[in-house]
2 protein chains.
Amino acid sequence: MMENPTKFIVEPGKQEVYIIREFDYPVGMVFNAHADPDLLVQWLGPDNRKVKIDYYDSRTGGSYRYLILSQAGKEVAAFNGVIHECTFPERIMQTFEYEGLPQRGHVSLDTMIFEELPGNKTKLTIHSVFRSLADRDGMMQSGVETGVNEGYVKLEKLLGVMSSIAG
Amino acid sequence: MMENPTKFIVEPGKQEVYIIREFDYPVGMVFNAHADPDLLVQWLGPDNRKVKIDYYDSRTGGSYRYLILSQAGKEVAAFNGVIHECTFPERIMQTFEYEGLPQRGHVSLDTMIFEELPGNKTKLTIHSVFRSLADRDGMMQSGVETGVNEGYVKLEKLLGVMSSIAG
């Protein structure tokens with residue numbers, strides 16, 4: 001089966017990024033794979049990394065922090081944020097900060113929209129707004145495209161397993 | 001005494017706004033007037049309105065909601081958000097959503113930087129990033145400049161009272 005493509009929209013001069021992808025699974029399932037930390041750790045991030053949850057209170061008004069580990073278990077990055085809105089099965093809005101920068105404050109506001117498509121499929125649109133063009137370009141240059149793509153391949157597989165258990 | 005001016009920087013085509021103002025009072029005092037809801041209600045908003053706190057957990061990972069009331073006590077607006085960072089006396093980063101729009105999701109990410117100036121003065125820089133240019137322009141057209149200016153005149157008076165009590 002061909003993988004669904006991931007589309008990155010990065011317009012010159014705009015302090016925002018769109019990431020758009022379809023999944024061949026129902027919207028509630030795709031939403032839960034993003035909102036439930038026990039599912040999120042199974043697919044998020046690039047192939048050669050693991051995710052470890054520090055805390056994840058996945059609700060409107062909640063907050064989260066997770067670590068990215070090497071296969072050997074060494075911490076390579078950490079991210080945290082607060083959850084402005086978590087509405088099943090349609091929308092998650094949250095802040096996002098990479099902790100590895102020299103100063104704090106390079107935060108983005110990320111909106112994930114989950115839309116039902118015909119045939120029990122789902123369209124996911126992630127819209128990230130940055131505090132500056134430099135913040136956006138820094139994020140894009142960090143290899144995020146590879147990591148996001150590799151994560152989504154793992155997510156498709158996880159959704160396949162969830163679907164076979166549910167079915 | 002001349003009031004300190006409030007500067008709005010609203011560049012064409014950018015989905016952001018800067019609001020910059022100085023206060024003739026110490027940075028810790030100006031910070032607390034923004035972070036303590038019991039102080040915030042005494043100055044926030046335009047002259048002909050009152051603020052009523054629904055909830056305000058003023059810390060990193062906290063969240064807030066407040067109402068704007070007419071003098072007669074009728075609710076005219078409501079706002080809510082989550083607090084990404086609240087670090088005394090230098091920075092507050094939070095989301096901000098006006099609840100009166102037909103759809104949810106028109107959220108901004110607001111960063112308040114409090115800087116100490118010589119002579120026990122404070123420079124406040126608010127940087128708001130919006131999800132679209134339309135969101136930004138909608139906010140600017142809502143009369144926010146008048147409300148912010150009137151609020152800051154009340155804040156200067158409150159800081160004067162706090163200062164005379166502390167001194």
# chains A, B, ... in the order shown; residues from 1 in each chain; ligands from 1
$ residues_around --residues "range 140-149 of chain A" --least-positions-apart "6" --cutoff "10 Å" --atoms "only C-alpha atoms" --output "compact mmCIF listing (two decimals) with N, CA and C atoms, in the first residue's frame"
# COMPACT_ATOMS: atom_id res chain seq x y z
N ASN A 4 0.23 7.51 2.60
CA ASN A 4 -0.31 8.84 2.36
C ASN A 4 0.81 9.87 2.47
N PRO A 5 0.85 10.86 1.58
CA PRO A 5 1.91 11.87 1.67
C PRO A 5 1.64 12.88 2.80
N THR A 6 2.68 13.47 3.32
CA THR A 6 2.56 14.57 4.28
C THR A 6 2.95 15.86 3.57
N LYS A 7 2.05 16.83 3.63
CA LYS A 7 2.30 18.10 2.93
C LYS A 7 2.71 19.17 3.95
N PHE A 8 3.85 19.81 3.71
CA PHE A 8 4.29 20.95 4.53
C PHE A 8 4.09 22.23 3.72
N VAL A 10 5.06 26.04 3.86
CA VAL A 10 5.97 26.97 4.55
C VAL A 10 6.16 28.17 3.62
N VAL A 17 3.44 27.56 9.86
CA VAL A 17 3.62 26.35 9.04
C VAL A 17 2.31 25.57 9.08
N ILE A 19 0.94 21.64 8.32
CA ILE A 19 1.27 20.25 8.01
C ILE A 19 -0.06 19.53 7.80
N ARG A 21 -2.07 15.93 6.44
CA ARG A 21 -1.95 14.52 6.08
C ARG A 21 -3.28 13.81 6.25
N TRP A 43 4.16 6.16 18.72
CA TRP A 43 4.41 6.55 17.32
C TRP A 43 5.15 7.88 17.15
N LEU A 44 5.12 8.77 18.15
CA LEU A 44 5.66 10.13 17.97
C LEU A 44 7.17 10.10 17.77
N GLY A 45 7.64 10.94 16.84
CA GLY A 45 9.08 11.14 16.69
C GLY A 45 9.71 10.24 15.63
N PRO A 46 11.00 10.50 15.36
CA PRO A 46 11.70 9.75 14.30
C PRO A 46 11.96 8.30 14.69
N ASP A 47 12.39 7.52 13.71
CA ASP A 47 12.55 6.07 13.88
C ASP A 47 13.56 5.68 14.95
N ASN A 48 14.63 6.46 15.04
CA ASN A 48 15.74 6.06 15.93
C ASN A 48 15.60 6.63 17.35
N ARG A 49 14.40 7.05 17.71
CA ARG A 49 14.18 7.68 19.02
C ARG A 49 13.02 7.01 19.75
N ALA A 134 12.31 33.75 12.40
CA ALA A 134 13.52 33.02 12.78
C ALA A 134 13.17 31.75 13.57
N LEU A 155 2.47 5.83 13.07
CA LEU A 155 1.08 6.06 13.47
C LEU A 155 0.12 5.25 12.61
$ interface_residues --of "chain A" --to "chain B" --cutoff "8 Å" --atoms "only C-alpha atoms" --output "list in words"
Lys14, Gln15, Gly61, Gly62, Ser63, Gly81, Val82, Ile83, His84, Met93, Thr95, Gly105, Ser108, Leu109, Val129, Phe130 and Arg131 of chain A
$ write_last_selection --atoms "N, CA, C and O atoms" --output "mmCIF file, in the first residue's frame"
data_model
loop_
_atom_site.group_PDB
_atom_site.id
_atom_site.type_symbol
_atom_site.label_atom_id
_atom_site.label_comp_id
_atom_site.auth_asym_id
_atom_site.auth_seq_id
_atom_site.Cartn_x
_atom_site.Cartn_y
_atom_site.Cartn_z
ATOM 1 N N LYS A 14 6.145 34.278 6.225
ATOM 2 C CA LYS A 14 5.032 34.045 7.158
ATOM 3 C C LYS A 14 5.522 33.275 8.376
ATOM 4 O O LYS A 14 6.239 32.280 8.228
ATOM 5 N N GLN A 15 5.145 33.721 9.569
ATOM 6 C CA GLN A 15 5.612 33.059 10.783
ATOM 7 C C GLN A 15 4.705 31.887 11.161
ATOM 8 O O GLN A 15 4.299 31.742 12.320
ATOM 9 N N GLY A 61 -7.022 23.035 29.482
ATOM 10 C CA GLY A 61 -6.458 23.515 30.745
ATOM 11 C C GLY A 61 -5.339 22.638 31.294
ATOM 12 O O GLY A 61 -4.750 22.974 32.311
ATOM 13 N N GLY A 62 -5.053 21.541 30.630
ATOM 14 C CA GLY A 62 -3.981 20.654 31.076
ATOM 15 C C GLY A 62 -2.621 21.112 30.587
ATOM 16 O O GLY A 62 -2.487 22.166 29.942
ATOM 17 N N SER A 63 -1.599 20.343 30.905
ATOM 18 C CA SER A 63 -0.256 20.640 30.408
ATOM 19 C C SER A 63 0.504 19.335 30.209
ATOM 20 O O SER A 63 0.055 18.275 30.649
ATOM 21 N N GLY A 81 4.423 22.155 27.168
ATOM 22 C CA GLY A 81 3.411 23.130 26.766
ATOM 23 C C GLY A 81 2.155 23.013 27.603
ATOM 24 O O GLY A 81 2.055 22.147 28.493
ATOM 25 N N VAL A 82 1.217 23.911 27.333
ATOM 26 C CA VAL A 82 -0.091 23.894 27.989
ATOM 27 C C VAL A 82 -1.172 23.710 26.917
ATOM 28 O O VAL A 82 -0.985 24.088 25.766
ATOM 29 N N ILE A 83 -2.280 23.115 27.332
ATOM 30 C CA ILE A 83 -3.324 22.729 26.381
ATOM 31 C C ILE A 83 -4.493 23.703 26.491
ATOM 32 O O ILE A 83 -5.243 23.693 27.473
ATOM 33 N N HIS A 84 -4.614 24.559 25.483
ATOM 34 C CA HIS A 84 -5.684 25.567 25.476
ATOM 35 C C HIS A 84 -7.049 24.916 25.270
ATOM 36 O O HIS A 84 -8.041 25.309 25.886
ATOM 37 N N MET A 93 -5.594 22.388 20.721
ATOM 38 C CA MET A 93 -4.781 23.615 20.599
ATOM 39 C C MET A 93 -3.855 23.656 21.795
ATOM 40 O O MET A 93 -4.311 23.577 22.940
ATOM 41 N N THR A 95 0.324 25.030 23.348
ATOM 42 C CA THR A 95 1.624 25.659 23.159
ATOM 43 C C THR A 95 2.683 24.562 23.111
ATOM 44 O O THR A 95 2.454 23.426 23.552
ATOM 45 N N GLY A 105 11.250 30.972 25.854
ATOM 46 C CA GLY A 105 10.355 31.927 25.211
ATOM 47 C C GLY A 105 10.122 31.688 23.730
ATOM 48 O O GLY A 105 9.302 32.364 23.118
ATOM 49 N N SER A 108 5.679 28.048 20.255
ATOM 50 C CA SER A 108 4.699 28.130 19.169
ATOM 51 C C SER A 108 3.316 27.764 19.692
ATOM 52 O O SER A 108 3.171 27.145 20.750
ATOM 53 N N LEU A 109 2.300 28.211 18.950
ATOM 54 C CA LEU A 109 0.906 27.857 19.242
ATOM 55 C C LEU A 109 0.471 26.896 18.140
ATOM 56 O O LEU A 109 0.403 27.277 16.966
ATOM 57 N N VAL A 129 1.879 28.489 14.702
ATOM 58 C CA VAL A 129 2.216 29.904 14.611
ATOM 59 C C VAL A 129 3.394 30.166 15.531
ATOM 60 O O VAL A 129 3.376 29.758 16.695
ATOM 61 N N PHE A 130 4.399 30.870 15.017
ATOM 62 C CA PHE A 130 5.639 31.099 15.756
ATOM 63 C C PHE A 130 5.754 32.564 16.156
ATOM 64 O O PHE A 130 5.151 33.438 15.537
ATOM 65 N N ARG A 131 6.598 32.834 17.153
ATOM 66 C CA ARG A 131 6.773 34.205 17.624
ATOM 67 C C ARG A 131 7.631 35.019 16.655
ATOM 68 O O ARG A 131 7.683 36.239 16.766
#
$ select_by_dssp --residues "chain B" --states "alpha helix (DSSP H)" --output "ChimeraX atom specification"
/B:27-35,37-40,133-140,144-166
$ closest_residue --among "B:Leu158, B:Ile165, B:Leu117, B:Met2" --to "Val41 in chain B" --atoms "only C-alpha atoms"
B:Leu158
$ residues_around --residues "Gly73 in chain A" --least-positions-apart "4" --cutoff "12 Å" --atoms "only C-alpha atoms" --output "PDB file with N, CA, C and O atoms, in the first residue's frame"
ATOM      1  N   ASN A  48      14.630   6.459  15.045  1.00  0.00           N
ATOM      2  CA  ASN A  48      15.735   6.062  15.932  1.00  0.00           C
ATOM      3  C   ASN A  48      15.605   6.632  17.348  1.00  0.00           C
ATOM      4  O   ASN A  48      16.576   6.709  18.079  1.00  0.00           O
ATOM      5  N   ARG A  49      14.398   7.050  17.709  1.00  0.00           N
ATOM      6  CA  ARG A  49      14.183   7.676  19.017  1.00  0.00           C
ATOM      7  C   ARG A  49      13.021   7.015  19.754  1.00  0.00           C
ATOM      8  O   ARG A  49      12.151   6.399  19.135  1.00  0.00           O
ATOM      9  N   LYS A  50      12.996   7.217  21.077  1.00  0.00           N
ATOM     10  CA  LYS A  50      11.851   6.795  21.889  1.00  0.00           C
ATOM     11  C   LYS A  50      11.294   8.029  22.614  1.00  0.00           C
ATOM     12  O   LYS A  50      12.020   8.990  22.846  1.00  0.00           O
ATOM     13  N   VAL A  51      10.031   7.975  22.967  1.00  0.00           N
ATOM     14  CA  VAL A  51       9.396   9.076  23.700  1.00  0.00           C
ATOM     15  C   VAL A  51       9.123   8.617  25.129  1.00  0.00           C
ATOM     16  O   VAL A  51       8.652   7.500  25.347  1.00  0.00           O
ATOM     17  N   LYS A  52       9.456   9.484  26.085  1.00  0.00           N
ATOM     18  CA  LYS A  52       9.140   9.199  27.485  1.00  0.00           C
ATOM     19  C   LYS A  52       8.304  10.348  28.039  1.00  0.00           C
ATOM     20  O   LYS A  52       8.731  11.511  27.985  1.00  0.00           O
ATOM     21  N   LEU A  67      10.031  13.699  26.946  1.00  0.00           N
ATOM     22  CA  LEU A  67      11.441  13.635  26.574  1.00  0.00           C
ATOM     23  C   LEU A  67      11.587  12.785  25.323  1.00  0.00           C
ATOM     24  O   LEU A  67      10.813  11.847  25.106  1.00  0.00           O
ATOM     25  N   ILE A  68      12.588  13.099  24.519  1.00  0.00           N
ATOM     26  CA  ILE A  68      12.984  12.251  23.396  1.00  0.00           C
ATOM     27  C   ILE A  68      14.295  11.576  23.795  1.00  0.00           C
ATOM     28  O   ILE A  68      15.256  12.255  24.186  1.00  0.00           O
ATOM     29  N   LEU A  69      14.306  10.255  23.730  1.00  0.00           N
ATOM     30  CA  LEU A  69      15.465   9.473  24.141  1.00  0.00           C
ATOM     31  C   LEU A  69      16.094   8.788  22.935  1.00  0.00           C
ATOM     32  O   LEU A  69      15.397   8.441  21.973  1.00  0.00           O
ATOM     33  N   ALA A  77      16.310  15.397  23.883  1.00  0.00           N
ATOM     34  CA  ALA A  77      15.511  16.618  23.775  1.00  0.00           C
ATOM     35  C   ALA A  77      14.338  16.540  24.748  1.00  0.00           C
ATOM     36  O   ALA A  77      13.964  15.452  25.202  1.00  0.00           O
TER      37      ALA A  77
END
$ residues_around --residues "Met162 in chain A" --least-positions-apart "6" --cutoff "10 Å" --atoms "only C-alpha atoms" --output "MDAnalysis selection string"
chainID A and resid 25 29 33 39 156
$ select_by_dssp --residues "range 2-138 of chain A" --states "strand (DSSP E or B)" --output "VMD selection string"
chain A and resid 6 to 9 16 to 23 49 to 56 63 to 70 75 to 87 91 to 98 107 to 117 121 to 130
$ closest_residue --among "A:Phe88, A:Phe23, A:Phe114, A:Tyr98" --to "Asp36 in chain A" --atoms "only C-alpha atoms"
A:Phe88
$ residues_around --residues "Thr125 in chain A" --least-positions-apart "3" --cutoff "6 Å" --atoms "only C-alpha atoms" --output "PyMOL selection string"
chain A and resi 19-20+112-113
$ atom_distance --atom1 "CA of Tyr56 in chain A" --atom2 "CA of Ala78 in chain A"
13.1 Å
